[in-house]
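Step one of this worksheet: look at the structure below.
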Amino acid sequence: MEEILEKLKKAVLEGEDDLALSLVNKALEEGYQPLVLVNQALVPGIRQAGELWKKNVYFQSDVIMSVEAFRVTMEVVEPLLKAEEMADARKVVIGTVAGDMHNLGKMIVVAMLRGAGFSVTDLGEDVPTPRFIDAVRDMRPAILGMGCYMTTTMLEMRDVMKGLADAGLRDKVKVLIGGVPTTQKFAEEIGADGWGKDALDAVGKANELVG
Ligand code: B12
């Protein structure tokens, strides 16, 4: 692989965000296509970080640094990707449920999903039920992702499921949930389509859900 792509992948993997950013800008100046940077450096870098985490070689703090390097570089590259290049990307809308401000877990899930070729809209934290419903109606994502990190906010997920059904949207979208207090059993109880134990599992489940 060309040296600059190799260096960029390594910078993402090692969470060197300033270095990754300057390499992205240099590569673009040298005429590299944005999609080449994404497919051959940024995504392989963030994927490898996830794999090292799974093998307990990386700590969570290492992954968070890789995610940050991936995020700042994607901010530069993503607007340059032509609509056609993203055409087959699968659409996900995700957010943390109402009353819940935790976002680190979701941030990692978002980065990993993007790394796996999903086109993700992050609604942020403390997202009220109607906002989830409107986003599904307006953006028509294949998957709605919800994160919840406290036992006290878990029931918000049930509320969103009811909101989807009431709006006649339940069969239009697959629902994938995650976050510390959630379980596969809880996902089944509220009628969600899938549960992700961690970010890698979230990607696996999302792939299964879009077939
Ligand atoms: C960091 C943290 C905070 C930070 C949040 C910073 C931030 N920007 O997110 C701060 C300090 C702000 C905070 C605040 C509070 N916190 Co807090 N916090 C934590 C802590 C220590 C770690 C959470 C975390 O980031 N984990 C790291 C991430 C990477 O892991 P993760 O969230 O599990 O995510 C992974 C998976 O769950 C999965 N996943 C996550 N999201 C999704 C989504 C989908 C769709 C899928 C498929 C998968 C998936 O993939 C992720 C990556 O592998 C936990 C304790 C703990 N051990 O969990 C308490 C904890 C969650 N907090 C708790 C509490 C009580 C609070 C406060 C109410 C404290 C207070 N009295 O003010 C406030 C809540 C404010 C609010 N309204 O939300 C409690 C919740 C208890 C409960 N009722 O369940 C916990 C469990 C601590 C405890 N033991 O008491 N908190």
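All residue names refer to the structure tokens as shown: chains lettered A, B, ... in order, residues numbered from 1 in each chain, ligands numbered from 1 in order.
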Residues up to 9 Å from ligand 1, counting only C-alpha atoms and all ligand atoms: could you list those as a VMD selection string?
chain A and resid 60 to 61 63 to 64 94 to 96 98 to 110 125 to 126 144 to 154 175 to 182 194 to 203 205 to 206
Closest contacts (segment 37-99 of chain A/segment 25-28 of chain A, max 12 Å, only C-alpha atoms) as a tab-separated table:
residue	atom	partner	partner_atom	distance
A:Leu37	CA	A:Ala27	CA	8.0
A:Val38	CA	A:Ala27	CA	11.6
A:Ala41	CA	A:Ala27	CA	11.0
A:Val72	CA	A:Asn25	CA	11.5
A:Thr73	CA	A:Asn25	CA	8.9
A:Met74	CA	A:Asn25	CA	11.4
A:Glu75	CA	A:Asn25	CA	11.6
A:Val76	CA	A:Asn25	CA	8.3
A:Val77	CA	A:Leu28	CA	8.9
A:Leu80	CA	A:Leu28	CA	10.1
Need the shell around Val92 of chain A: protein/DNA/RNA residues with any atom at most 7 Å away, counting only C-alpha atoms. Skip same-chain ones fewer than 2 positions apart. Format as a VMD selection string?
chain A and resid 90 94 118 to 121 141 to 145
Could you give me, as JSON lines, a per-residue list for segment 74-166 of chain A showing, wherever an atom lies at most 10 Å from an atom of segment 45-50 of chain A, the closest pair of atoms and their distance in Å to one decimal, using only C-alpha atoms and sorting by chain then residue number from low to high?
{"residue": "A:Ile108", "atom": "CA", "partner": "A:Gly50", "partner_atom": "CA", "distance": 9.3}
{"residue": "A:Ala111", "atom": "CA", "partner": "A:Ile46", "partner_atom": "CA", "distance": 7.9}
{"residue": "A:Met112", "atom": "CA", "partner": "A:Ile46", "partner_atom": "CA", "distance": 7.0}
{"residue": "A:Leu113", "atom": "CA", "partner": "A:Arg47", "partner_atom": "CA", "distance": 9.9}
{"residue": "A:Arg114", "atom": "CA", "partner": "A:Ile46", "partner_atom": "CA", "distance": 9.6}
{"residue": "A:Gly115", "atom": "CA", "partner": "A:Ile46", "partner_atom": "CA", "distance": 6.6}
{"residue": "A:Ala116", "atom": "CA", "partner": "A:Arg47", "partner_atom": "CA", "distance": 8.0}
Just to confirm, what's the straight-line distance from atom CA of Ala192 of chain A to atom CA of Glu51 of chain A in Å (one decimal)?
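Distance reported for this atom pair: 26.6 Å.
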I need the strand (DSSP E) residues of chain A per DSSP on the backbone, written as a PyMOL selection string.
chain A and resi 90-96+118-122+143-147+174-178+194-196
Have a look at A:Leu13, A:Leu169, A:Val160, A:Ala69 and name the one nearest to Val136 of chain A; count only C-alpha atoms.
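Smallest distance to Val136 of chain A is found for A:Leu169.
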Check the DSSP output for the backbone and give back, as a VMD selection string, the residues of segment 133-194 of chain A in alpha helix (DSSP H).
chain A and resid 133 to 139 155 to 166 184 to 190
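Taking only C-alpha atoms into account, Gln33 of chain A lies nearest to A:Leu81 out of the set A:Arg170, A:Glu189, A:Pro128, A:Leu81.
The gap separating atom CA of Arg140 of chain A from atom CA of Asn207 of chain A is 17.1 Å, in Å to one decimal.
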Hey, which of A:Val210, A:Val43, A:Val36, A:Met65 ends up closest to Asp18 of chain A? Count only C-alpha atoms.
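Closest residue, counting only C-alpha atoms: A:Met65.
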Contact residues around Asp159 of chain A with only C-alpha atoms at 10 Å, ignoring same-chain residues under 6 positions, as a PDB file with C-alpha atoms, in the first residue's frame:
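Once everything was written out, this is out.pdb:
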ATOM      1  CA  VAL A  97     -33.014   8.264  24.728  1.00  0.00           C
ATOM      2  CA  PRO A 128     -37.312  13.021  23.005  1.00  0.00           C
ATOM      3  CA  THR A 129     -39.543  10.269  21.578  1.00  0.00           C
ATOM      4  CA  PRO A 130     -41.222  12.508  18.956  1.00  0.00           C
ATOM      5  CA  ALA A 165     -46.386   1.718  16.065  1.00  0.00           C
ATOM      6  CA  ILE A 190     -40.044  -4.216  23.937  1.00  0.00           C
TER       7      ILE A 190
END
Rounded to one decimal, what separation in Å do you get between atom CA of Leu52 of chain A and atom CA of Thr183 of chain A?
24.1 Å
Pick from A:Gly124, A:Gly191, A:Pro44, A:Pro79 nearest to Val12 of chain A, counting only C-alpha atoms:
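Once distances to Val12 of chain A are computed over only C-alpha atoms, the minimum belongs to A:Pro44.
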